[in-house]
Amino acid sequence: MVRQINNLPGRHPTLGYQVMTSTHLHGSGSFPQYDGYANDVTGPGQWKDYHYPNHQDARTLWYHDHGLHHTAENAYMGLAAMYIMTDELEQSLPIPHGDYDVPLIIQDAMFDERGNMIYDDHSHSGLYGDVILVNGRPWPVMKVERRKYRFRFLNASLSRGYAFRLSTGDPFWIIGTDGGLRQFPQRTTTFRQSMAERYEVVIDFATYRTGQRIVLENLGVQNAVDYDGTRNVMAFDVVGDATDLRGNAIPDLLNPKPPAMDLVETPNLRTRRFEFMRADGQWAINGKTWHDAADSGYEYVWADPGLNDTEIWEFVNTSRGWFHPVHVHLIDFKILDRNGKPPFDYELGPKDTVYVGENETVRVIARFGPHQGKYMIHCHNLVHEDHDMMAQFRVGRPGGGDDPVKAAPCRDLPSPEL
Ligand SMILES: [Cu+2]
């Protein structure tokens, strides 16, 4: 249980909106009332207890604001952080742990001359900062020893995708994706990462000499607004031999049965299509926006899989001007194909967010459970999400499952002792 207390001022000091928050634990199979449903908001002077099952395989989750129409501003200004879950299998593997297991929360931002954050989303198209922050610090330099490190890459930017590369051209080893460890490690010299995706990446510094600097570079992706400052993300300075050689391996087998990865396409499976598009000057999914959900009293759903049904969902982006990271709440999915071709090798692990690039159609397969109820699917360009590329689906029968807003309402301060 986590108590979220909204102690923010009644109005945002520079942007002026009322700061209503809703906390989404991204990557968790939570009950609807603890999932950060956009309208399940906690206002200034209120609090809410969130219960998390923590029943899934070890994985890198993150929690961020999901409040209606102001998620982008709230996450940009700081309401986003990592949440790491572990288990016996993950702990038993000889992969880097402890000091050698390092979160990298990557964001871009822009600042005025006094150091205040500037929020400019270019008429709701996207926010592209000229400063790269890693764990809240601009272009940091990390001291590393001559051994393997595991980095948990989270792209927590609002709108910027990245294509990562090491300045040496040496490989990354991808050992995990959004839903935890992959079956086997995958070598790659570059990978693109959209907002909200997570990759667990091993970098081996053992081959470098003491005193060498290795830069984590960003090659940029289509339609991102790049600046001189967005070419580099951070750097690693090799300071000496390893002081501890435990967990210095990349085993051939990581997780023998990662979630969702055993799902296979069969002819009788239902396929649903979600087109991410512009409609009436808004960002929309199948021509509808969250306003349509609101107008129906939050009854309208874009999809209604039965509990524990396996379905194929097809995400379509016919534009050349932008990409959409598509995030489905509650479940893990396996990517089947992109424009009819196999997904990138590094994507072959359990996922909850997928890069749907320009002119791309991506098909994923998932089993819908373990809970019934209404959950959101949306674009994770948070500027798009807020205006208004967000939809919902219902798992199970109409009226089934806990109500996301009414089942566990927020309370007024003061909050009682825990
Ligand atoms: Cu989008």
# chains A, B, ... in the order shown; residues from 1 in each chain; ligands from 1
call {"tool": "residues_near_ligand", "arguments": {"ligand": "ligand 1", "cutoff": "12 Å", "atoms": "only C-alpha atoms and all ligand atoms", "output": "PDB file with C-alpha atoms, in the first residue's frame"}}
result
ATOM      1  CA  HIS A 124      -0.235  20.147 -28.491  1.00  0.00           C
ATOM      2  CA  SER A 125       2.115  18.457 -30.968  1.00  0.00           C
ATOM      3  CA  GLY A 126       4.954  17.684 -28.564  1.00  0.00           C
ATOM      4  CA  LEU A 127       7.560  19.069 -26.189  1.00  0.00           C
ATOM      5  CA  LEU A 158       7.001  13.615 -22.886  1.00  0.00           C
ATOM      6  CA  SER A 159       7.539  13.455 -26.666  1.00  0.00           C
ATOM      7  CA  ARG A 160      11.145  12.597 -27.522  1.00  0.00           C
ATOM      8  CA  GLY A 161      12.139   9.169 -28.802  1.00  0.00           C
ATOM      9  CA  SER A 194       9.910   5.542 -27.241  1.00  0.00           C
ATOM     10  CA  MET A 195       8.433   7.225 -24.230  1.00  0.00           C
ATOM     11  CA  GLU A 275      -6.074   3.685 -35.538  1.00  0.00           C
ATOM     12  CA  PHE A 276      -4.084   6.500 -33.940  1.00  0.00           C
ATOM     13  CA  MET A 277      -5.050   9.572 -35.932  1.00  0.00           C
ATOM     14  CA  ARG A 278      -6.014  13.240 -36.120  1.00  0.00           C
ATOM     15  CA  GLN A 282      -7.699  16.477 -31.831  1.00  0.00           C
ATOM     16  CA  TRP A 283      -5.563  13.387 -31.370  1.00  0.00           C
ATOM     17  CA  ALA A 284      -7.993  10.468 -31.555  1.00  0.00           C
ATOM     18  CA  ILE A 285      -8.223   6.673 -31.501  1.00  0.00           C
ATOM     19  CA  PHE A 315      -2.116  -0.432 -33.783  1.00  0.00           C
ATOM     20  CA  VAL A 316      -2.182   1.668 -36.953  1.00  0.00           C
ATOM     21  CA  ASN A 317      -0.356   4.944 -37.618  1.00  0.00           C
ATOM     22  CA  SER A 319       0.915   9.480 -40.708  1.00  0.00           C
ATOM     23  CA  GLY A 321       4.551  13.406 -39.349  1.00  0.00           C
ATOM     24  CA  TRP A 322       4.643  11.734 -35.973  1.00  0.00           C
ATOM     25  CA  PHE A 323       4.944   8.442 -34.127  1.00  0.00           C
ATOM     26  CA  HIS A 324       2.872   7.157 -31.211  1.00  0.00           C
ATOM     27  CA  PRO A 325       4.088   4.977 -28.353  1.00  0.00           C
ATOM     28  CA  VAL A 326       1.001   2.881 -27.588  1.00  0.00           C
ATOM     29  CA  HIS A 327       0.528   1.801 -23.977  1.00  0.00           C
ATOM     30  CA  VAL A 354       5.304  -0.260 -28.239  1.00  0.00           C
ATOM     31  CA  TYR A 355       6.872   2.206 -30.653  1.00  0.00           C
ATOM     32  CA  VAL A 356       4.347   2.676 -33.464  1.00  0.00           C
ATOM     33  CA  GLY A 357       6.437   4.646 -35.926  1.00  0.00           C
ATOM     34  CA  GLU A 358       5.534   6.712 -38.967  1.00  0.00           C
ATOM     35  CA  ILE A 377      -5.129   2.487 -23.651  1.00  0.00           C
ATOM     36  CA  HIS A 378      -3.444   5.630 -24.908  1.00  0.00           C
ATOM     37  CA  CYS A 379      -0.584   7.303 -26.693  1.00  0.00           C
ATOM     38  CA  HIS A 380       2.387   7.859 -24.380  1.00  0.00           C
ATOM     39  CA  ASN A 381       3.376  11.083 -26.040  1.00  0.00           C
ATOM     40  CA  LEU A 382       1.759  12.658 -22.979  1.00  0.00           C
ATOM     41  CA  VAL A 383       0.923  15.810 -24.944  1.00  0.00           C
ATOM     42  CA  HIS A 384      -1.088  13.664 -27.354  1.00  0.00           C
ATOM     43  CA  GLU A 385      -2.659  11.746 -24.484  1.00  0.00           C
ATOM     44  CA  ASP A 386      -3.913  14.943 -22.837  1.00  0.00           C
ATOM     45  CA  HIS A 387      -5.482  16.224 -26.122  1.00  0.00           C
ATOM     46  CA  ASP A 388      -7.083  13.619 -26.263  1.00  0.00           C
ATOM     47  CA  MET A 389      -5.627  10.367 -27.553  1.00  0.00           C
ATOM     48  CA  MET A 390      -6.911   8.172 -24.762  1.00  0.00           C
TER      49      MET A 390
END
call {"tool": "residues_around", "arguments": {"residues": "Leu307 in chain A", "least_positions_apart": "6", "cutoff": "7 Å", "atoms": "only C-alpha atoms", "output": "MDAnalysis selection string"}}
result
chainID A and resid 368:369 372 395:396
call {"tool": "closest_atom_pairs", "arguments": {"of": "range 183-216 of chain A", "to": "range 94-118 of chain A", "cutoff": "10 Å", "atoms": "only C-alpha atoms", "output": "JSON lines"}}
result
{"residue": "A:Met195", "atom": "CA", "partner": "A:Gln107", "partner_atom": "CA", "distance": 9.2}
{"residue": "A:Arg198", "atom": "CA", "partner": "A:Ile105", "partner_atom": "CA", "distance": 9.6}
{"residue": "A:Tyr199", "atom": "CA", "partner": "A:Leu104", "partner_atom": "CA", "distance": 9.9}
{"residue": "A:Glu200", "atom": "CA", "partner": "A:Pro103", "partner_atom": "CA", "distance": 9.1}
{"residue": "A:Val201", "atom": "CA", "partner": "A:Asp101", "partner_atom": "CA", "distance": 9.7}
{"residue": "A:Val202", "atom": "CA", "partner": "A:Pro96", "partner_atom": "CA", "distance": 8.2}
call {"tool": "select_by_dssp", "arguments": {"residues": "range 109-327 of chain A", "states": "strand (DSSP E)", "output": "PyMOL selection string"}}
result
chain A and resi 109+131-134+137-138+141-146+148-155+162-166+172-177+180-188+190-193+198-204+213-218+232-241+270-279+282-285+309-317+324-327
call {"tool": "closest_residue", "arguments": {"among": "A:Thr310, A:Thr21, A:Gln186, A:Ser157", "to": "Ala260 in chain A", "atoms": "only C-alpha atoms"}}
result
A:Thr310
call {"tool": "residues_around", "arguments": {"residues": "range 211-227 of chain A", "least_positions_apart": "6", "cutoff": "7 Å", "atoms": "only C-alpha atoms", "output": "ChimeraX atom specification"}}
result
/A:128,130,160-168,233-239,321-322
call {"tool": "write_last_selection", "arguments": {"atoms": "C-alpha atoms", "output": "mmCIF file, in the first residue's frame"}}
result
data_model
loop_
_atom_site.group_PDB
_atom_site.id
_atom_site.type_symbol
_atom_site.label_atom_id
_atom_site.label_comp_id
_atom_site.auth_asym_id
_atom_site.auth_seq_id
_atom_site.Cartn_x
_atom_site.Cartn_y
_atom_site.Cartn_z
ATOM 1 C CA TYR A 128 11.218 18.898 -27.277
ATOM 2 C CA ASP A 130 17.361 21.026 -25.548
ATOM 3 C CA ARG A 160 11.145 12.597 -27.522
ATOM 4 C CA GLY A 161 12.139 9.169 -28.802
ATOM 5 C CA TYR A 162 15.801 8.139 -28.688
ATOM 6 C CA ALA A 163 18.113 5.902 -30.709
ATOM 7 C CA PHE A 164 20.956 4.991 -28.365
ATOM 8 C CA ARG A 165 24.533 4.152 -29.331
ATOM 9 C CA LEU A 166 27.863 3.943 -27.527
ATOM 10 C CA SER A 167 30.611 6.277 -28.803
ATOM 11 C CA THR A 168 32.886 3.248 -29.132
ATOM 12 C CA VAL A 233 22.839 11.666 -23.117
ATOM 13 C CA MET A 234 25.548 10.983 -20.523
ATOM 14 C CA ALA A 235 29.094 9.633 -20.211
ATOM 15 C CA PHE A 236 30.948 6.904 -18.325
ATOM 16 C CA ASP A 237 34.492 7.431 -17.011
ATOM 17 C CA VAL A 238 36.431 4.213 -16.400
ATOM 18 C CA VAL A 239 38.198 4.671 -13.073
ATOM 19 C CA GLY A 321 4.551 13.406 -39.349
ATOM 20 C CA TRP A 322 4.643 11.734 -35.973
#
call {"tool": "residues_around", "arguments": {"residues": "range 22-31 of chain A", "least_positions_apart": "6", "cutoff": "9 Å", "atoms": "only C-alpha atoms", "output": "VMD selection string"}}
result
chain A and resid 4 37 to 43 50 to 56 59 to 68 71 79 83 178 to 179 196 329 to 332 351 to 352 369 to 373 401 to 402 404
call {"tool": "write_last_selection", "arguments": {"atoms": "C-alpha atoms", "output": "tab-separated table (two decimals), in the first residue's frame"}}
result
chain	number	residue	atom	x	y	z
A	4	GLN	CA	-0.32	9.41	-2.21
A	37	TYR	CA	-7.68	6.04	-14.11
A	38	ALA	CA	-7.59	9.59	-15.52
A	39	ASN	CA	-10.79	10.71	-13.79
A	40	ASP	CA	-9.95	9.09	-10.46
A	41	VAL	CA	-8.28	12.26	-9.27
A	42	THR	CA	-6.95	13.40	-5.92
A	43	GLY	CA	-7.09	17.18	-5.55
A	50	TYR	CA	-3.10	2.68	-3.53
A	51	HIS	CA	-2.85	-1.11	-3.15
A	52	TYR	CA	-0.42	-2.92	-5.43
A	53	PRO	CA	-0.41	-6.70	-6.01
A	54	ASN	CA	3.34	-7.01	-6.81
A	55	HIS	CA	2.55	-10.50	-8.09
A	56	GLN	CA	4.29	-10.23	-11.45
A	59	ARG	CA	10.53	-5.98	-13.72
A	60	THR	CA	11.20	-2.28	-14.04
A	61	LEU	CA	8.00	-0.34	-13.42
A	62	TRP	CA	7.52	3.36	-13.01
A	63	TYR	CA	4.85	5.51	-11.48
A	64	HIS	CA	3.71	8.80	-12.88
A	65	ASP	CA	0.79	11.14	-12.82
A	66	HIS	CA	-2.21	10.28	-15.01
A	67	GLY	CA	-4.56	13.13	-14.06
A	68	LEU	CA	-7.07	14.24	-16.67
A	71	THR	CA	-0.61	14.48	-17.21
A	79	LEU	CA	5.61	13.53	-10.87
A	83	TYR	CA	9.53	1.31	-9.08
A	178	ASP	CA	8.93	-3.53	-20.05
A	179	GLY	CA	7.61	-6.74	-18.45
A	196	ALA	CA	7.49	4.86	-21.36
A	329	HIS	CA	-2.77	-0.80	-19.11
A	330	LEU	CA	-3.17	-4.01	-17.03
A	331	ILE	CA	-1.57	-6.55	-19.38
A	332	ASP	CA	1.76	-7.57	-20.91
A	351	LYS	CA	6.04	-5.37	-23.32
A	352	ASP	CA	3.31	-2.94	-22.30
A	369	GLY	CA	-6.64	-10.46	-17.08
A	370	PRO	CA	-6.24	-11.10	-14.22
A	371	HIS	CA	-8.78	-8.43	-13.27
A	372	GLN	CA	-12.12	-7.38	-14.74
A	373	GLY	CA	-13.03	-3.76	-15.19
A	401	GLY	CA	-14.99	-5.45	-11.83
A	402	ASP	CA	-14.47	-2.61	-9.40
A	404	PRO	CA	-12.17	2.84	-11.16
call {"tool": "select_by_dssp", "arguments": {"residues": "range 183-374 of chain A", "states": "alpha helix (DSSP H)", "output": "list in words"}}
result
Trp290, His291, Asp292, Ala293, Ala294 and Asp295 of chain A
call {"tool": "write_last_selection", "arguments": {"atoms": "N, CA and C atoms", "output": "PDB file, in the first residue's frame"}}
result
ATOM      1  N   TRP A 290     -11.207  10.844 -25.491  1.00  0.00           N
ATOM      2  CA  TRP A 290     -11.689  10.622 -24.119  1.00  0.00           C
ATOM      3  C   TRP A 290     -12.981  11.394 -23.856  1.00  0.00           C
ATOM      4  N   HIS A 291     -13.235  12.479 -24.620  1.00  0.00           N
ATOM      5  CA  HIS A 291     -14.515  13.188 -24.478  1.00  0.00           C
ATOM      6  C   HIS A 291     -15.693  12.265 -24.762  1.00  0.00           C
ATOM      7  N   ASP A 292     -15.503  11.357 -25.716  1.00  0.00           N
ATOM      8  CA  ASP A 292     -16.585  10.411 -26.017  1.00  0.00           C
ATOM      9  C   ASP A 292     -16.828   9.473 -24.840  1.00  0.00           C
ATOM     10  N   ALA A 293     -15.758   9.092 -24.155  1.00  0.00           N
ATOM     11  CA  ALA A 293     -15.932   8.281 -22.943  1.00  0.00           C
ATOM     12  C   ALA A 293     -16.682   9.094 -21.889  1.00  0.00           C
ATOM     13  N   ALA A 294     -16.276  10.370 -21.714  1.00  0.00           N
ATOM     14  CA  ALA A 294     -16.925  11.227 -20.712  1.00  0.00           C
ATOM     15  C   ALA A 294     -18.405  11.416 -21.034  1.00  0.00           C
ATOM     16  N   ASP A 295     -18.706  11.686 -22.329  1.00  0.00           N
ATOM     17  CA  ASP A 295     -20.091  11.939 -22.727  1.00  0.00           C
ATOM     18  C   ASP A 295     -20.992  10.737 -22.459  1.00  0.00           C
TER      19      ASP A 295
END
call {"tool": "closest_residue", "arguments": {"among": "A:Asp337, A:Glu73, A:Asp228, A:Asp244", "to": "Asp121 in chain A", "atoms": "only C-alpha atoms"}}
result
A:Glu73
call {"tool": "atom_distance", "arguments": {"atom1": "CA of Glu90 in chain A", "atom2": "CA of Lys334 in chain A"}}
result
20.3 Å
call {"tool": "residues_around", "arguments": {"residues": "Asp57 in chain A", "least_positions_apart": "4", "cutoff": "10 Å", "atoms": "only C-alpha atoms", "output": "count of residues only"}}
result
13
call {"tool": "residues_around", "arguments": {"residues": "Val19 in chain A", "least_positions_apart": "6", "cutoff": "8 Å", "atoms": "only C-alpha atoms", "output": "PyMOL selection string"}}
result
chain A and resi 8-12+43-44+70+74
call {"tool": "closest_residue", "arguments": {"among": "A:Gln183, A:Asn286, A:Asn7, A:Asn232", "to": "Val141 in chain A", "atoms": "only C-alpha atoms"}}
result
A:Asn232
call {"tool": "residues_around", "arguments": {"residues": "Phe344 in chain A", "least_positions_apart": "2", "cutoff": "10 Å", "atoms": "only C-alpha atoms", "output": "count of residues only"}}
result
11
call {"tool": "atom_distance", "arguments": {"atom1": "CA of Leu254 in chain A", "atom2": "CA of Phe333 in chain A"}}
result
18.3 Å
call {"tool": "closest_residue", "arguments": {"among": "A:Pro267, A:Gly340, A:Gly45, A:Gly247", "to": "Ile5 in chain A", "atoms": "only C-alpha atoms"}}
result
A:Gly45
call {"tool": "decode", "arguments": {"residues": "range 135-248 of chain A", "atoms": "C-alpha atoms", "output": "tab-separated table (two decimals), in the first residue's frame"}}
result
chain	number	residue	atom	x	y	z
A	135	ASN	CA	17.95	10.94	-13.02
A	136	GLY	CA	17.24	14.68	-12.88
A	137	ARG	CA	20.79	15.86	-13.70
A	138	PRO	CA	21.90	17.33	-17.05
A	139	TRP	CA	24.37	15.17	-19.05
A	140	PRO	CA	25.82	13.39	-16.00
A	141	VAL	CA	29.16	11.58	-15.94
A	142	MET	CA	29.24	8.30	-14.04
A	143	LYS	CA	32.40	6.67	-12.71
A	144	VAL	CA	32.51	2.98	-13.66
A	145	GLU	CA	34.80	0.04	-12.93
A	146	ARG	CA	36.18	-2.36	-15.53
A	147	ARG	CA	33.30	-4.87	-15.42
A	148	LYS	CA	29.65	-5.33	-16.50
A	149	TYR	CA	26.90	-2.98	-15.41
A	150	ARG	CA	23.16	-3.34	-15.82
A	151	PHE	CA	21.25	-0.17	-16.66
A	152	ARG	CA	17.47	0.16	-16.48
A	153	PHE	CA	16.70	2.58	-19.30
A	154	LEU	CA	13.40	4.43	-18.89
A	155	ASN	CA	12.46	7.05	-21.45
A	156	ALA	CA	10.44	9.41	-19.25
A	157	SER	CA	10.36	12.21	-21.84
A	158	LEU	CA	7.00	13.61	-22.89
A	159	SER	CA	7.54	13.46	-26.67
A	160	ARG	CA	11.15	12.60	-27.52
A	161	GLY	CA	12.14	9.17	-28.80
A	162	TYR	CA	15.80	8.14	-28.69
A	163	ALA	CA	18.11	5.90	-30.71
A	164	PHE	CA	20.96	4.99	-28.36
A	165	ARG	CA	24.53	4.15	-29.33
A	166	LEU	CA	27.86	3.94	-27.53
A	167	SER	CA	30.61	6.28	-28.80
A	168	THR	CA	32.89	3.25	-29.13
A	169	GLY	CA	30.37	1.44	-31.36
A	170	ASP	CA	30.45	-1.46	-28.91
A	171	PRO	CA	27.30	-3.49	-28.26
A	172	PHE	CA	24.57	-3.29	-25.68
A	173	TRP	CA	23.18	-6.55	-24.34
A	174	ILE	CA	19.40	-6.29	-23.94
A	175	ILE	CA	18.37	-8.57	-21.07
A	176	GLY	CA	14.95	-7.16	-20.21
A	177	THR	CA	12.01	-5.21	-21.60
A	178	ASP	CA	8.93	-3.53	-20.05
A	179	GLY	CA	7.61	-6.74	-18.45
A	180	GLY	CA	10.93	-7.99	-17.07
A	181	LEU	CA	13.69	-10.36	-18.13
A	182	ARG	CA	13.75	-11.75	-21.64
A	183	GLN	CA	14.23	-15.43	-22.35
A	184	PHE	CA	17.75	-14.83	-23.70
A	185	PRO	CA	20.04	-11.80	-24.04
A	186	GLN	CA	20.11	-9.91	-27.34
A	187	ARG	CA	23.15	-8.09	-28.69
A	188	THR	CA	22.61	-4.80	-30.50
A	189	THR	CA	24.74	-1.75	-31.25
A	190	THR	CA	21.72	0.58	-31.32
A	191	PHE	CA	18.09	0.54	-30.25
A	192	ARG	CA	15.28	3.03	-30.46
A	193	GLN	CA	13.19	3.67	-27.38
A	194	SER	CA	9.91	5.54	-27.24
A	195	MET	CA	8.43	7.22	-24.23
A	196	ALA	CA	7.49	4.86	-21.36
A	197	GLU	CA	9.35	1.86	-22.80
A	198	ARG	CA	11.92	0.22	-20.53
A	199	TYR	CA	15.00	-1.73	-21.54
A	200	GLU	CA	17.37	-3.51	-19.18
A	201	VAL	CA	20.77	-3.18	-20.81
A	202	VAL	CA	24.16	-4.64	-19.88
A	203	ILE	CA	27.28	-2.68	-20.90
A	204	ASP	CA	30.68	-4.31	-20.41
A	205	PHE	CA	33.39	-1.79	-19.48
A	206	ALA	CA	36.03	-4.52	-18.93
A	207	THR	CA	37.63	-4.03	-22.34
A	208	TYR	CA	38.29	-0.32	-21.78
A	209	ARG	CA	41.39	1.21	-20.20
A	210	THR	CA	41.34	3.19	-17.00
A	211	GLY	CA	40.86	6.86	-17.84
A	212	GLN	CA	38.78	6.18	-20.96
A	213	ARG	CA	35.48	8.04	-21.43
A	214	ILE	CA	32.56	6.31	-23.20
A	215	VAL	CA	29.65	8.51	-24.27
A	216	LEU	CA	26.05	7.34	-24.46
A	217	GLU	CA	24.87	9.03	-27.65
A	218	ASN	CA	21.46	9.71	-29.15
A	219	LEU	CA	21.32	9.31	-32.93
A	220	GLY	CA	17.83	10.83	-32.96
A	221	VAL	CA	14.59	9.45	-34.41
A	222	GLN	CA	12.30	10.57	-37.19
A	223	ASN	CA	10.31	13.76	-36.47
A	224	ALA	CA	12.06	14.60	-33.20
A	225	VAL	CA	13.26	18.21	-32.89
A	226	ASP	CA	17.02	17.80	-32.28
A	227	TYR	CA	19.46	20.28	-30.76
A	228	ASP	CA	23.24	20.19	-30.26
A	229	GLY	CA	22.53	19.23	-26.66
A	230	THR	CA	20.35	16.24	-27.51
A	231	ARG	CA	23.12	14.31	-29.31
A	232	ASN	CA	24.69	13.19	-26.04
A	233	VAL	CA	22.84	11.67	-23.12
A	234	MET	CA	25.55	10.98	-20.52
A	235	ALA	CA	29.09	9.63	-20.21
A	236	PHE	CA	30.95	6.90	-18.33
A	237	ASP	CA	34.49	7.43	-17.01
A	238	VAL	CA	36.43	4.21	-16.40
A	239	VAL	CA	38.20	4.67	-13.07
A	240	GLY	CA	39.86	1.31	-12.43
A	241	ASP	CA	39.56	-2.46	-12.04
A	242	ALA	CA	36.45	-4.05	-10.61
A	243	THR	CA	36.29	-4.06	-6.81
A	244	ASP	CA	33.62	-6.80	-6.86
A	245	LEU	CA	33.24	-9.43	-9.58
A	246	ARG	CA	30.02	-11.04	-8.38
A	247	GLY	CA	27.16	-10.80	-10.87
A	248	ASN	CA	29.50	-10.15	-13.76
